[in-house]
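Pasted below: start33.txt, compact mmCIF, N, CA and C atoms.
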```txt
# COMPACT_ATOMS: atom_id res chain seq x y z
N MET A 59 0.84 -1.19 0.00
CA MET A 59 0.00 0.00 0.00
C MET A 59 0.88 1.26 0.00
N THR A 60 0.50 2.23 -0.79
CA THR A 60 1.31 3.44 -0.89
C THR A 60 1.04 4.38 0.27
N LYS A 61 2.03 5.20 0.56
CA LYS A 61 1.88 6.18 1.63
C LYS A 61 0.97 7.31 1.16
N ARG A 62 0.12 7.76 2.05
CA ARG A 62 -0.73 8.90 1.74
C ARG A 62 -0.19 10.13 2.45
N THR A 63 0.91 10.65 1.93
CA THR A 63 1.49 11.85 2.54
C THR A 63 1.08 13.06 1.73
N LEU A 64 1.11 14.19 2.36
CA LEU A 64 0.78 15.42 1.66
C LEU A 64 2.03 15.92 0.96
N GLY A 65 2.25 15.46 -0.23
CA GLY A 65 3.46 15.81 -0.95
C GLY A 65 3.46 17.24 -1.46
N GLY A 66 4.56 17.95 -1.25
CA GLY A 66 4.71 19.27 -1.81
C GLY A 66 4.07 20.41 -1.04
N THR A 67 3.56 20.13 0.17
CA THR A 67 2.88 21.20 0.89
C THR A 67 3.85 22.23 1.44
N SER A 68 5.06 21.81 1.81
CA SER A 68 6.00 22.79 2.36
C SER A 68 6.43 23.78 1.30
N ARG A 69 6.56 23.34 0.08
CA ARG A 69 6.90 24.25 -1.02
C ARG A 69 5.77 25.25 -1.25
N LYS A 70 4.54 24.74 -1.23
CA LYS A 70 3.39 25.62 -1.42
C LYS A 70 3.31 26.65 -0.30
N ARG A 71 3.57 26.21 0.93
CA ARG A 71 3.51 27.13 2.06
C ARG A 71 4.51 28.27 1.91
N LYS A 72 5.71 27.93 1.43
CA LYS A 72 6.73 28.96 1.20
C LYS A 72 6.28 29.94 0.13
N ARG A 73 5.68 29.39 -0.93
CA ARG A 73 5.28 30.25 -2.05
C ARG A 73 4.10 31.13 -1.72
N VAL A 74 3.26 30.66 -0.81
CA VAL A 74 2.06 31.43 -0.47
C VAL A 74 2.32 32.37 0.71
N SER A 75 3.00 31.87 1.74
CA SER A 75 3.13 32.67 2.97
C SER A 75 4.55 32.74 3.48
N GLY A 76 5.53 32.71 2.57
CA GLY A 76 6.92 32.87 2.98
C GLY A 76 7.26 34.34 3.21
N PHE A 77 8.44 34.57 3.79
CA PHE A 77 8.85 35.94 4.12
C PHE A 77 8.96 36.82 2.89
N ARG A 78 9.60 36.31 1.85
CA ARG A 78 9.82 37.13 0.64
C ARG A 78 8.52 37.47 -0.07
N VAL A 79 7.56 36.55 0.00
CA VAL A 79 6.25 36.82 -0.59
C VAL A 79 5.52 37.91 0.21
N ARG A 80 5.65 37.84 1.54
CA ARG A 80 5.01 38.84 2.39
C ARG A 80 5.57 40.24 2.11
N MET A 81 6.88 40.32 1.89
CA MET A 81 7.50 41.62 1.71
C MET A 81 7.18 42.26 0.36
N ARG A 82 6.58 41.49 -0.53
CA ARG A 82 6.25 42.02 -1.86
C ARG A 82 5.12 43.03 -1.83
N SER A 83 4.09 42.77 -1.03
CA SER A 83 2.91 43.62 -1.06
C SER A 83 2.80 44.47 0.21
N HIS A 84 1.99 45.48 0.11
CA HIS A 84 1.77 46.38 1.24
C HIS A 84 1.11 45.65 2.41
N THR A 85 0.10 44.83 2.10
CA THR A 85 -0.60 44.11 3.15
C THR A 85 0.28 43.04 3.79
N GLY A 86 1.16 42.45 2.98
CA GLY A 86 2.09 41.46 3.51
C GLY A 86 3.08 42.08 4.47
N ARG A 87 3.54 43.28 4.14
CA ARG A 87 4.43 44.02 5.04
C ARG A 87 3.74 44.35 6.34
N ARG A 88 2.44 44.62 6.25
CA ARG A 88 1.67 44.90 7.46
C ARG A 88 1.59 43.67 8.35
N VAL A 89 1.47 42.49 7.73
CA VAL A 89 1.45 41.23 8.48
C VAL A 89 2.76 41.06 9.25
N ILE A 90 3.89 41.27 8.56
CA ILE A 90 5.20 41.13 9.18
C ILE A 90 5.36 42.13 10.32
N ARG A 91 4.93 43.37 10.07
CA ARG A 91 5.05 44.42 11.09
C ARG A 91 4.25 44.07 12.34
N THR A 92 3.03 43.57 12.15
CA THR A 92 2.19 43.19 13.27
C THR A 92 2.82 42.05 14.07
N ARG A 93 3.38 41.08 13.38
CA ARG A 93 3.97 39.93 14.05
C ARG A 93 5.26 40.33 14.79
N ARG A 94 6.01 41.29 14.23
CA ARG A 94 7.19 41.82 14.93
C ARG A 94 6.77 42.51 16.22
N LYS A 95 5.68 43.27 16.14
CA LYS A 95 5.19 44.02 17.30
C LYS A 95 4.76 43.07 18.42
N ARG A 96 4.18 41.95 18.04
CA ARG A 96 3.73 40.96 19.03
C ARG A 96 4.89 40.14 19.58
N GLY A 97 6.03 40.23 18.93
CA GLY A 97 7.20 39.51 19.43
C GLY A 97 7.24 38.05 18.99
N ARG A 98 6.75 37.80 17.80
CA ARG A 98 6.75 36.43 17.29
C ARG A 98 8.18 35.94 17.03
N ALA A 99 8.44 34.68 17.36
CA ALA A 99 9.73 34.08 17.06
C ALA A 99 9.84 33.84 15.55
N ARG A 100 8.73 33.38 14.95
CA ARG A 100 8.68 33.15 13.50
C ARG A 100 7.76 34.18 12.87
N LEU A 101 8.32 34.99 11.98
CA LEU A 101 7.53 36.03 11.35
C LEU A 101 6.73 35.49 10.18
N ALA A 102 7.30 34.55 9.44
CA ALA A 102 6.62 33.98 8.28
C ALA A 102 6.98 32.50 8.17
N ALA A 103 6.15 31.76 7.44
CA ALA A 103 6.36 30.32 7.30
C ALA A 103 7.58 29.99 6.46
```
Just dump the structure as structure tokens.
Amino acid sequence: MTKRTLGGTSRKRKRVSGFRVRMRSHTGRRVIRTRRKRGRARLAA
């Protein structure tokens, strides 16, 4: 029986919600700024 793993999800996560993607748009920068203010250890996925 084959494994039913979620293949390729980490790549998708980077492409959708990675740091560089966030910094591209104004709203993404706002997300990063808010998370910095809250003191998040991880700002983006």
Grab all the atoms of segment 95-102 of chain A that the file lists, wrap them in a box along x, y and z, add 4 Å per side, and give me centre plus edge lengths in Å (one decimal) as lines of an AutoDock Vina configuration file.
```
center_x = 6.8
center_y = 38.3
center_z = 13.9
size_x = 14.1
size_y = 19.5
size_z = 19.4
```
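Of note, atom CA of Met81 of chain A and atom CA of Ala103 of chain A are spaced 12.7 Å apart.
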Quick one: residues within 6 Å of segment 69-75 of chain A, all atoms listed in the file counted, chain neighbours fewer than 3 positions away excluded, as a CSV table (one decimal) with N, CA and C atoms, in the frame of the given file?
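Saved file part-v2.csv follows:
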```csv
chain,number,residue,atom,x,y,z
A,66,GLY,N,4.6,18.0,-1.2
A,66,GLY,CA,4.7,19.3,-1.8
A,66,GLY,C,4.1,20.4,-1.0
A,79,VAL,N,7.6,36.6,0.0
A,79,VAL,CA,6.2,36.8,-0.6
A,79,VAL,C,5.5,37.9,0.2
A,80,ARG,N,5.6,37.8,1.5
A,80,ARG,CA,5.0,38.8,2.4
A,80,ARG,C,5.6,40.2,2.1
A,102,ALA,N,7.3,34.6,9.4
A,102,ALA,CA,6.6,34.0,8.3
A,102,ALA,C,7.0,32.5,8.2
A,103,ALA,N,6.2,31.8,7.4
A,103,ALA,CA,6.4,30.3,7.3
A,103,ALA,C,7.6,30.0,6.5
```
Query raised in the report: Between atom CA of Thr67 of chain A and atom C of Lys95 of chain A, what is the distance, to one decimal in Å?
Result: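 Value for the atom CA of Thr67 of chain A-atom C of Lys95 of chain A distance: 28.1 Å.
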Query - Contacts of Arg100 of chain A at 12 Å (only C-alpha atoms; same-chain gap of 4+ positions) as a ChimeraX atom specification - result: /A:75-77,89-90,92-94,96
Can you spit out segment 66-99 of chain A with N, CA and C atoms, as a short mmCIF file (atom, residue, chain, number, x, y, z; two decimals), in the first residue's frame, from the structure just given?
```cif
data_model
loop_
_atom_site.label_atom_id
_atom_site.label_comp_id
_atom_site.auth_asym_id
_atom_site.auth_seq_id
_atom_site.Cartn_x
_atom_site.Cartn_y
_atom_site.Cartn_z
N GLY A 66 4.56 17.95 -1.25
CA GLY A 66 4.71 19.27 -1.81
C GLY A 66 4.07 20.41 -1.04
N THR A 67 3.56 20.13 0.17
CA THR A 67 2.88 21.20 0.89
C THR A 67 3.85 22.23 1.44
N SER A 68 5.06 21.81 1.81
CA SER A 68 6.00 22.79 2.36
C SER A 68 6.43 23.78 1.30
N ARG A 69 6.56 23.34 0.08
CA ARG A 69 6.90 24.25 -1.02
C ARG A 69 5.77 25.25 -1.25
N LYS A 70 4.54 24.74 -1.23
CA LYS A 70 3.39 25.62 -1.42
C LYS A 70 3.31 26.65 -0.30
N ARG A 71 3.57 26.21 0.93
CA ARG A 71 3.51 27.13 2.06
C ARG A 71 4.51 28.27 1.91
N LYS A 72 5.71 27.93 1.43
CA LYS A 72 6.73 28.96 1.20
C LYS A 72 6.28 29.94 0.13
N ARG A 73 5.68 29.39 -0.93
CA ARG A 73 5.28 30.25 -2.05
C ARG A 73 4.10 31.13 -1.72
N VAL A 74 3.26 30.66 -0.81
CA VAL A 74 2.06 31.43 -0.47
C VAL A 74 2.32 32.37 0.71
N SER A 75 3.00 31.87 1.74
CA SER A 75 3.13 32.67 2.97
C SER A 75 4.55 32.74 3.48
N GLY A 76 5.53 32.71 2.57
CA GLY A 76 6.92 32.87 2.98
C GLY A 76 7.26 34.34 3.21
N PHE A 77 8.44 34.57 3.79
CA PHE A 77 8.85 35.94 4.12
C PHE A 77 8.96 36.82 2.89
N ARG A 78 9.60 36.31 1.85
CA ARG A 78 9.82 37.13 0.64
C ARG A 78 8.52 37.47 -0.07
N VAL A 79 7.56 36.55 0.00
CA VAL A 79 6.25 36.82 -0.59
C VAL A 79 5.52 37.91 0.21
N ARG A 80 5.65 37.84 1.54
CA ARG A 80 5.01 38.84 2.39
C ARG A 80 5.57 40.24 2.11
N MET A 81 6.88 40.32 1.89
CA MET A 81 7.50 41.62 1.71
C MET A 81 7.18 42.26 0.36
N ARG A 82 6.58 41.49 -0.53
CA ARG A 82 6.25 42.02 -1.86
C ARG A 82 5.12 43.03 -1.83
N SER A 83 4.09 42.77 -1.03
CA SER A 83 2.91 43.62 -1.06
C SER A 83 2.80 44.47 0.21
N HIS A 84 1.99 45.48 0.11
CA HIS A 84 1.77 46.38 1.24
C HIS A 84 1.11 45.65 2.41
N THR A 85 0.10 44.83 2.10
CA THR A 85 -0.60 44.11 3.15
C THR A 85 0.28 43.04 3.79
N GLY A 86 1.16 42.45 2.98
CA GLY A 86 2.09 41.46 3.51
C GLY A 86 3.08 42.08 4.47
N ARG A 87 3.54 43.28 4.14
CA ARG A 87 4.43 44.02 5.04
C ARG A 87 3.74 44.35 6.34
N ARG A 88 2.44 44.62 6.25
CA ARG A 88 1.67 44.90 7.46
C ARG A 88 1.59 43.67 8.35
N VAL A 89 1.47 42.49 7.73
CA VAL A 89 1.45 41.23 8.48
C VAL A 89 2.76 41.06 9.25
N ILE A 90 3.89 41.27 8.56
CA ILE A 90 5.20 41.13 9.18
C ILE A 90 5.36 42.13 10.32
N ARG A 91 4.93 43.37 10.07
CA ARG A 91 5.05 44.42 11.09
C ARG A 91 4.25 44.07 12.34
N THR A 92 3.03 43.57 12.15
CA THR A 92 2.19 43.19 13.27
C THR A 92 2.82 42.05 14.07
N ARG A 93 3.38 41.08 13.38
CA ARG A 93 3.97 39.93 14.05
C ARG A 93 5.26 40.33 14.79
N ARG A 94 6.01 41.29 14.23
CA ARG A 94 7.19 41.82 14.93
C ARG A 94 6.77 42.51 16.22
N LYS A 95 5.68 43.27 16.14
CA LYS A 95 5.19 44.02 17.30
C LYS A 95 4.76 43.07 18.42
N ARG A 96 4.18 41.95 18.04
CA ARG A 96 3.73 40.96 19.03
C ARG A 96 4.89 40.14 19.58
N GLY A 97 6.03 40.23 18.93
CA GLY A 97 7.20 39.51 19.43
C GLY A 97 7.24 38.05 18.99
N ARG A 98 6.75 37.80 17.80
CA ARG A 98 6.75 36.43 17.29
C ARG A 98 8.18 35.94 17.03
N ALA A 99 8.44 34.68 17.36
CA ALA A 99 9.73 34.08 17.06
C ALA A 99 9.84 33.84 15.55
#
```
